[in-house]
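Just entry.cif here, mmCIF, C-alpha atoms and all ligand atoms:
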```cif
data_entry
loop_
_atom_site.label_atom_id
_atom_site.label_comp_id
_atom_site.auth_asym_id
_atom_site.auth_seq_id
_atom_site.Cartn_x
_atom_site.Cartn_y
_atom_site.Cartn_z
CA MET H 150 64.08 -1.47 72.73
CA THR H 151 61.85 1.58 73.27
CA GLU H 152 61.33 4.30 70.66
CA LEU H 153 63.50 6.70 72.71
CA GLU H 154 66.30 4.10 72.88
CA LEU H 155 66.10 3.44 69.13
CA VAL H 156 66.23 7.19 68.35
CA ARG H 157 69.22 7.58 70.71
CA TRP H 158 71.05 4.75 68.89
CA ILE H 159 70.28 6.23 65.44
CA ARG H 160 71.62 9.61 66.60
CA SER H 161 74.89 8.01 67.71
CA GLN H 162 75.62 6.53 64.25
CA PRO H 163 78.03 8.15 61.73
CA GLY H 164 76.27 9.92 58.84
CA VAL H 165 73.36 11.14 60.95
CA ALA H 166 72.93 14.85 61.69
CA GLY H 167 70.43 16.95 63.56
CA ILE H 168 67.85 14.35 64.64
CA GLY H 169 65.99 15.22 67.84
CA ASP H 170 63.64 18.04 66.90
CA ASP H 171 60.17 17.83 65.42
CA CYS H 172 61.58 18.77 62.00
CA ALA H 173 64.90 18.79 60.17
CA ILE H 174 66.14 22.38 59.86
CA LEU H 175 68.37 22.98 56.83
CA PRO H 176 69.94 25.96 55.04
CA GLY H 177 67.34 27.42 52.66
CA THR H 178 67.79 28.20 48.99
CA ARG H 179 66.99 31.84 49.60
CA ALA H 180 69.14 34.06 51.79
CA GLY H 181 67.68 34.64 55.22
CA GLU H 182 65.52 31.52 55.06
CA GLU H 183 65.74 28.04 56.48
CA LEU H 184 64.08 24.98 54.98
CA ILE H 185 62.05 22.91 57.46
CA LEU H 186 61.31 19.26 56.56
CA LYS H 187 59.21 16.57 58.17
CA ALA H 188 58.10 13.03 57.23
CA ASP H 189 55.17 11.33 58.96
CA GLN H 190 53.51 7.95 58.45
CA PHE H 191 49.78 7.27 58.61
CA ILE H 192 49.08 3.55 58.58
CA GLU H 193 45.76 1.69 58.48
CA ASP H 194 44.96 -0.15 61.74
CA ILE H 195 47.87 1.61 63.51
CA HIS H 196 46.81 5.26 63.14
CA PHE H 197 43.29 4.90 61.73
CA ARG H 198 40.55 2.40 60.87
CA ARG H 199 38.66 2.42 57.59
CA THR H 200 35.45 1.61 59.52
CA VAL H 201 35.82 4.86 61.52
CA TYR H 202 37.45 7.30 59.06
CA SER H 203 35.93 8.30 55.73
CA ALA H 204 38.46 8.49 52.90
CA GLY H 205 38.45 12.29 53.07
CA GLN H 206 38.94 12.29 56.84
CA ALA H 207 41.90 9.91 56.48
CA GLY H 208 43.50 12.16 53.85
CA ALA H 209 43.07 15.27 55.99
CA ALA H 210 44.34 13.54 59.14
CA ALA H 211 47.42 12.21 57.30
CA LEU H 212 48.47 15.72 56.27
CA ALA H 213 47.40 17.41 59.52
CA ARG H 214 49.84 15.30 61.57
CA SER H 215 52.82 16.37 59.44
CA LEU H 216 51.71 20.01 59.41
CA SER H 217 51.56 19.94 63.20
CA ASP H 218 55.31 19.34 63.27
CA LEU H 219 55.88 22.34 60.97
CA ALA H 220 53.71 24.35 63.39
CA ALA H 221 55.91 23.19 66.28
CA SER H 222 58.94 24.51 64.37
CA GLY H 223 57.30 27.87 63.65
CA ALA H 224 57.46 27.18 59.90
CA THR H 225 55.24 28.37 57.06
CA PRO H 226 54.26 25.30 54.98
CA ARG H 227 54.99 25.40 51.23
CA TRP H 228 55.07 21.88 49.71
CA CYS H 229 54.20 18.26 50.42
CA LEU H 230 55.00 14.86 48.92
CA LEU H 231 52.68 11.88 49.36
CA SER H 232 53.81 8.27 49.07
CA LEU H 233 50.71 6.10 49.19
CA ALA H 234 50.49 2.29 49.26
CA LEU H 235 47.05 0.78 48.70
CA PRO H 236 45.55 -2.73 48.93
CA GLY H 237 44.55 -4.35 45.63
CA GLY H 238 40.81 -4.52 46.28
CA LEU H 239 40.39 -0.89 47.33
CA ASP H 240 37.71 1.11 45.50
CA GLY H 241 39.06 3.92 43.30
CA SER H 242 36.55 6.31 44.87
CA TRP H 243 38.24 5.75 48.26
CA THR H 244 41.59 6.79 46.82
CA LYS H 245 40.14 9.92 45.20
CA GLY H 246 38.38 10.78 48.46
CA PHE H 247 41.68 10.45 50.32
CA PHE H 248 43.38 12.84 47.89
CA ARG H 249 40.46 15.31 48.10
CA GLY H 250 40.63 15.36 51.90
CA LEU H 251 44.39 15.91 51.84
CA LEU H 252 44.25 18.58 49.12
CA ASN H 253 41.41 20.52 50.81
CA LEU H 254 43.57 20.88 53.92
CA ALA H 255 46.63 21.70 51.77
CA ARG H 256 44.71 24.53 50.07
CA ALA H 257 43.52 25.86 53.43
CA HIS H 258 47.16 26.21 54.50
CA ARG H 259 48.42 27.29 51.05
CA LEU H 260 50.80 24.43 50.36
CA LYS H 261 51.08 22.43 47.15
CA LEU H 262 51.36 18.69 46.56
CA VAL H 263 54.51 18.48 44.42
CA GLY H 264 55.20 14.75 44.15
CA GLY H 265 55.30 11.34 45.76
CA ASP H 266 54.85 7.70 44.89
CA LEU H 267 52.11 5.07 44.52
CA ALA H 268 52.46 1.37 45.35
CA ARG H 269 50.49 -1.74 46.36
CA ALA H 270 50.53 -3.09 49.92
CA GLY H 271 48.44 -5.27 52.21
CA ARG H 272 46.94 -2.21 53.92
CA ILE H 273 46.70 1.54 53.38
CA TYR H 274 50.00 3.21 54.12
CA ALA H 275 50.54 6.96 53.65
CA ASP H 276 53.91 8.66 54.09
CA VAL H 277 53.53 12.44 54.00
CA VAL H 278 56.60 14.66 53.66
CA VAL H 279 56.01 18.37 54.25
CA ALA H 280 58.40 21.21 53.63
CA GLY H 281 58.17 24.76 54.91
CA VAL H 282 60.31 27.80 55.53
CA ALA H 283 61.23 29.99 58.49
CA PRO H 284 63.44 33.06 58.81
CA ARG H 285 67.04 31.98 59.43
CA GLY H 286 67.71 31.22 63.09
CA LYS H 287 64.04 31.62 64.04
CA ALA H 288 62.82 28.01 63.78
CA LEU H 289 61.62 26.67 67.12
CA ARG H 290 63.37 23.69 68.68
CA ARG H 291 62.89 21.40 71.64
CA ARG H 292 66.12 22.54 73.20
CA GLY H 293 66.28 26.03 74.67
CA ALA H 294 64.04 25.80 77.74
CA SER H 295 65.76 27.18 80.83
CA ALA H 296 65.03 27.56 84.55
CA ASP H 297 62.11 29.84 85.44
CA ASP H 298 60.51 29.64 81.96
CA GLY H 299 56.77 29.04 82.11
CA ILE H 300 55.41 25.85 80.50
CA PHE H 301 52.37 26.39 78.26
CA VAL H 302 49.99 24.28 76.15
CA SER H 303 47.55 25.41 73.48
CA GLY H 304 43.90 24.33 73.40
CA VAL H 305 42.67 21.41 75.49
CA LEU H 306 44.18 17.98 76.15
CA GLY H 307 42.57 14.55 75.80
CA SER H 308 40.32 15.27 72.80
CA ALA H 309 41.93 12.51 70.72
CA ALA H 310 41.54 9.96 73.53
CA VAL H 311 37.82 10.81 73.78
CA ALA H 312 37.38 10.44 69.99
CA LEU H 313 39.18 7.08 70.06
CA ARG H 314 36.97 5.79 72.92
CA ARG H 315 33.84 6.83 71.05
CA SER H 316 35.11 5.38 67.74
CA ARG H 317 35.01 8.81 66.10
CA ALA H 318 37.45 10.09 63.50
CA TRP H 319 39.95 12.61 64.86
CA ILE H 320 41.41 15.25 62.56
CA PRO H 321 43.75 17.51 64.52
CA SER H 322 44.06 21.22 63.72
CA PRO H 323 47.71 22.04 63.03
CA ARG H 324 48.51 25.15 65.12
CA LEU H 325 50.48 26.87 62.36
CA ALA H 326 49.45 30.47 63.16
CA LEU H 327 50.38 30.03 66.82
CA GLY H 328 53.70 28.38 65.91
CA ARG H 329 54.64 31.35 63.71
CA ALA H 330 53.61 33.78 66.47
CA LEU H 331 55.85 31.93 68.93
CA ARG H 332 59.00 32.39 66.81
CA ASN H 333 59.90 35.52 68.74
CA ARG H 334 58.57 34.40 72.12
CA ALA H 335 59.09 30.70 72.87
CA THR H 336 62.43 29.36 74.17
CA SER H 337 61.45 25.80 73.12
CA CYS H 338 58.48 24.18 71.40
CA MET H 339 57.12 20.82 70.23
CA ASP H 340 53.76 19.36 69.33
CA LEU H 341 51.91 16.91 71.58
CA SER H 342 51.80 13.77 69.44
CA ASP H 343 52.31 11.04 72.03
CA GLY H 344 50.96 12.55 75.27
CA LEU H 345 52.01 15.35 77.63
CA SER H 346 53.85 13.06 80.06
CA ILE H 347 56.25 11.63 77.45
CA ASP H 348 56.47 14.74 75.24
CA LEU H 349 57.31 17.10 78.15
CA HIS H 350 59.89 14.52 79.26
CA ARG H 351 61.41 14.64 75.72
CA LEU H 352 61.45 18.46 75.64
CA CYS H 353 63.18 18.53 79.05
CA LEU H 354 65.71 15.89 77.91
CA GLU H 355 66.65 17.99 74.87
CA SER H 356 66.87 21.17 76.97
CA GLY H 357 68.73 19.52 79.88
CA VAL H 358 66.20 20.69 82.46
CA SER H 359 63.37 19.45 84.73
CA ALA H 360 59.73 20.48 84.73
CA VAL H 361 57.31 21.15 87.56
CA VAL H 362 53.65 20.88 86.53
CA ASP H 363 51.66 22.42 89.38
CA ARG H 364 48.69 24.10 87.72
CA PRO H 365 45.40 22.61 86.47
CA LEU H 366 45.58 21.13 82.97
CA PRO H 367 43.08 22.25 80.31
CA VAL H 368 41.23 18.92 80.16
CA ALA H 369 38.95 18.41 77.12
CA SER H 370 35.23 17.90 77.67
CA GLY H 371 34.57 14.20 78.34
CA ALA H 372 38.28 13.47 78.92
CA THR H 373 39.87 12.20 82.13
CA LEU H 374 43.03 13.55 83.75
CA ASP H 375 44.81 10.41 82.50
CA ASP H 376 43.68 11.21 78.93
CA ALA H 377 45.12 14.72 79.29
CA LEU H 378 48.40 13.48 80.81
CA HIS H 379 49.07 10.39 78.73
CA GLY H 380 46.71 10.38 75.72
CA GLY H 381 48.48 10.96 72.40
CA GLU H 382 47.46 12.57 69.10
CA ASP H 383 46.12 15.87 70.45
CA TYR H 384 48.62 17.80 68.32
CA GLU H 385 48.43 20.91 70.49
CA LEU H 386 51.64 22.90 70.98
CA LEU H 387 53.74 22.53 74.13
CA PHE H 388 56.16 25.43 74.62
CA THR H 389 58.22 27.31 77.15
CA ALA H 390 58.49 31.08 77.41
CA ALA H 391 58.93 33.86 79.96
CA SER H 392 55.25 34.68 79.42
CA ALA H 393 52.41 34.12 76.95
CA PRO H 394 49.02 35.74 76.31
CA PRO H 395 45.91 33.77 77.48
CA SER H 396 44.88 33.14 73.88
CA HIS H 397 45.97 33.54 70.27
CA ARG H 398 43.32 34.13 67.56
CA GLY H 399 40.68 32.44 69.71
CA LEU H 400 42.88 29.47 70.67
CA SER H 401 43.36 29.25 74.44
CA ILE H 402 46.85 29.10 75.93
CA THR H 403 47.28 27.69 79.44
CA ARG H 404 50.29 27.87 81.71
CA ILE H 405 50.68 24.48 83.38
CA GLY H 406 53.99 24.82 85.23
CA THR H 407 57.58 26.01 85.36
CA ILE H 408 60.96 24.81 84.10
CA VAL H 409 63.47 24.22 86.90
CA ARG H 410 67.10 23.13 87.20
CA GLY H 411 67.44 19.41 87.91
CA ARG H 412 67.86 16.01 86.31
CA ALA H 413 67.37 16.32 82.54
CA GLY H 414 63.96 15.00 81.58
CA GLU H 415 62.47 14.75 85.04
CA VAL H 416 58.86 15.90 85.32
CA THR H 417 56.94 16.28 88.59
CA PHE H 418 53.16 16.62 88.66
CA PHE H 419 51.76 18.23 91.84
CA GLY H 420 54.73 16.98 93.86
CA HIS H 421 54.89 13.44 92.42
CA LYS H 422 57.32 12.15 89.81
CA LEU H 423 55.45 11.81 86.51
CA LEU H 424 56.42 8.73 84.51
CA PRO H 425 56.50 9.19 80.73
CA LEU H 426 53.54 6.88 80.04
CA GLY H 427 52.48 8.37 76.71
CA TYR H 428 52.60 6.45 73.47
CA ASP H 429 55.80 4.67 72.44
CA HIS H 430 55.55 2.68 69.19
CA PHE H 431 58.15 0.16 70.30
CA ARG H 432 57.22 -0.39 73.94
MG MG P 501 56.22 16.27 66.78
#
```
Please render this file's structure as structure tokens.
Ligand SMILES: [Mg+2]
Amino acid sequence: MTELELVRWIRSQPGVAGIGDDCAILPGTRAGEELILKADQFIEDIHFRRTVYSAGQAGAAALARSLSDLAASGATPRWCLLSLALPGGLDGSWTKGFFRGLLNLARAHRLKLVGGDLARAGRIYADVVVAGVAPRGKALRRRGASADDGIFVSGVLGSAAVALRRSRAWIPSPRLALGRALRNRATSCMDLSDGLSIDLHRLCLESGVSAVVDRPLPVASGATLDDALHGGEDYELLFTAASAPPSHRGLSITRIGTIVRGRAGEVTFFGHKLLPLGYDHFR
């Protein structure tokens, strides 16, 4: 069973509502506001290695991944909860370093750690829940792309693949300012967590459209085209819109193609069908 198949099954079960976007979008407590929630796991030897990441880098990376999903929803982050499981022999200074890294990034984006849980486990396991807000009806979703929309990505692609190959820590920058700016512009949006090929396929599935990628990709320095197409963890924003400026607050924005009518989820890359080869946890 692939991750996509498992998610499809979960969505078909009674008692499940709204799964399929980067975040859950719920009625807010204040009028005119929606509450945007996201949970994300950061697991030792799956998402990071202790030999590569300092404790502080691991803490920052754990939060950054969740914040990226709030960015993709156009939300302003407010709170986070951290559930952390730690191996018995772990040095207390590692744990404090992890919290410092996470809290430094939280302060930079003005959100507060408001709770969580601590437990023992065989390896380090962090579950970060973030909550943010967006004006009612303005949160960005994966569905909404329609024929003739341009397809855009922020920044460059393949940076995470290069860091992984060089055994360097990779702390993504959540594109929160861009996400908020896109609330009144983008017809659909998601973050690139598993690779352009599979994430664009997912966005097109949700929107019921096809995509034609026929313009050069913004490939990161040292990255290959395969890294840019299929490498995960870049956490740039992928969005569709009638138009977009070439940059936002110094962050480049590149048009890579166009949404077209066709089989839902189908992506062509310079005339060839692009298989969704990005990362799938269950493949
Ligand atoms: Mg996401």
Using all atoms listed in the file, determine which residues fall within 7 Å of ligand MG 501 (chain P), then list them as a list in words.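 Those within range of ligand MG 501 (chain P) are Asp171, Ser217, Asp218, Ala221, Met339, Asp340, Leu341 and Ser342 of chain H.
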Just want the 12 Å neighbourhood of Phe301 of chain H, counted on all atoms listed in the file, with same-chain residues fewer than 5 positions away dropped. Output as a PyMOL selection string. chain H and resi 294+306+331+334-341+345+349+360-367+385-396+401-408
Please produce, as a Markdown table, a per-residue contact table for segment 159-190 of chain H versus segment 278-290 of chain H (criterion: any atom at most 7 Å away, only C-alpha atoms considered), showing the nearest atom pair and its distance in Å to one decimal, sorted by chain then residue number.
```
| residue | atom | partner | partner_atom | distance |
| --- | --- | --- | --- | --- |
| H:Asp170 | CA | H:Arg290 | CA | 5.9 |
| H:Gly181 | CA | H:Arg285 | CA | 5.0 |
| H:Glu182 | CA | H:Pro284 | CA | 4.6 |
| H:Glu183 | CA | H:Arg285 | CA | 5.1 |
| H:Leu184 | CA | H:Val282 | CA | 4.7 |
| H:Ile185 | CA | H:Gly281 | CA | 5.0 |
| H:Leu186 | CA | H:Ala280 | CA | 4.6 |
| H:Lys187 | CA | H:Val279 | CA | 5.4 |
| H:Ala188 | CA | H:Val278 | CA | 4.2 |
| H:Asp189 | CA | H:Val278 | CA | 6.4 |
```
Calculated over only C-alpha atoms, which of the candidates H:Leu219, H:Val201, H:Gly264, H:Ala211 has the smallest distance to Arg314 of chain H? H:Val201
Which of these residues is nearest to Gly328 of chain H, using all atoms listed in the file: H:Val305, H:Leu155, H:Leu252, H:Leu400?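 Once distances to Gly328 of chain H are computed over all atoms listed in the file, the minimum belongs to H:Leu400.
Taking atom CA of Leu231 of chain H and atom CA of Ala275 of chain H as the two end points, the separation is 6.9 Å.
One finds atom CA of Leu212 of chain H at 12.9 Å from atom CA of Arg324 of chain H.
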Tell me, as a PyMOL selection string, which residues lie within 9 Å of Ser203 of chain H, counting all atoms listed in the file; anything in the same chain fewer than 6 positions away does not count. chain H and resi 243+246-247+318
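Of the residues listed (H:Leu239, H:Leu327, H:Ala234, H:Ile168), H:Ala234 shows the shortest atom-to-atom separation from Phe191 of chain H; distances use all atoms listed in the file.
Using only C-alpha atoms, the nearest neighbour of Pro425 of chain H within the list H:Arg351, H:Gly241, H:Ala377, H:Gly399 is H:Arg351.
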Figure out the distance between atom CA of Pro321 of chain H and atom CA of Ala255 of chain H, please, to one decimal in Å.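 Result for atom CA of Ala255 of chain H versus atom CA of Pro321 of chain H: 13.7 Å, one decimal.
You can rank H:Arg259, H:Asp266, H:Ser322, H:Gly381 by their closest distance to Ile347 of chain H using all atoms listed in the file, and at the top of that list sits H:Gly381.
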Would you list the contacts of Arg412 of chain H as a ChimeraX atom specification, taking every protein, DNA or RNA residue within 10 Å and counting all atoms listed in the file, but skipping same-chain residues closer than 4 positions in sequence? /H:353-354,357-360,416
Can you write just those residues out, C-alpha atoms, as a PDB file, keeping the file's coordinate frame?
```
ATOM      1  CA  CYS H 353      63.180  18.530  79.050  1.00  0.00           C
ATOM      2  CA  LEU H 354      65.710  15.890  77.910  1.00  0.00           C
ATOM      3  CA  GLY H 357      68.730  19.520  79.880  1.00  0.00           C
ATOM      4  CA  VAL H 358      66.200  20.690  82.460  1.00  0.00           C
ATOM      5  CA  SER H 359      63.370  19.450  84.730  1.00  0.00           C
ATOM      6  CA  ALA H 360      59.730  20.480  84.730  1.00  0.00           C
ATOM      7  CA  VAL H 416      58.860  15.900  85.320  1.00  0.00           C
TER       8      VAL H 416
END
```
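With only C-alpha atoms as the atoms that count, the residue of H:Leu260, H:Glu154, H:Leu378, H:Arg315 with the shortest distance to Thr225 of chain H is H:Leu260.
The list of residues with at least one atom within 9 Å of Ser370 of chain H, based on all atoms listed in the file and without residues fewer than 5 positions apart in the same chain, reads Val305, Gly307, Ser308 and Val311 of chain H.
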Find the residues around Ile195 of chain H up to 12 Å (only C-alpha atoms counted), leave out those fewer than 5 positions away in its own chain, and share them as a PyMOL selection string. chain H and resi 190+272-275+430
Return the padded bounding box of segment 416-421 of chain H as lines of an AutoDock Vina configuration file: axis-aligned, built from all atoms listed in the file, 8 Å added on each side, with centre and edge lengths in Å to one decimal.
```
center_x = 55.3
center_y = 15.8
center_z = 89.6
size_x = 23.1
size_y = 20.8
size_z = 24.5
```
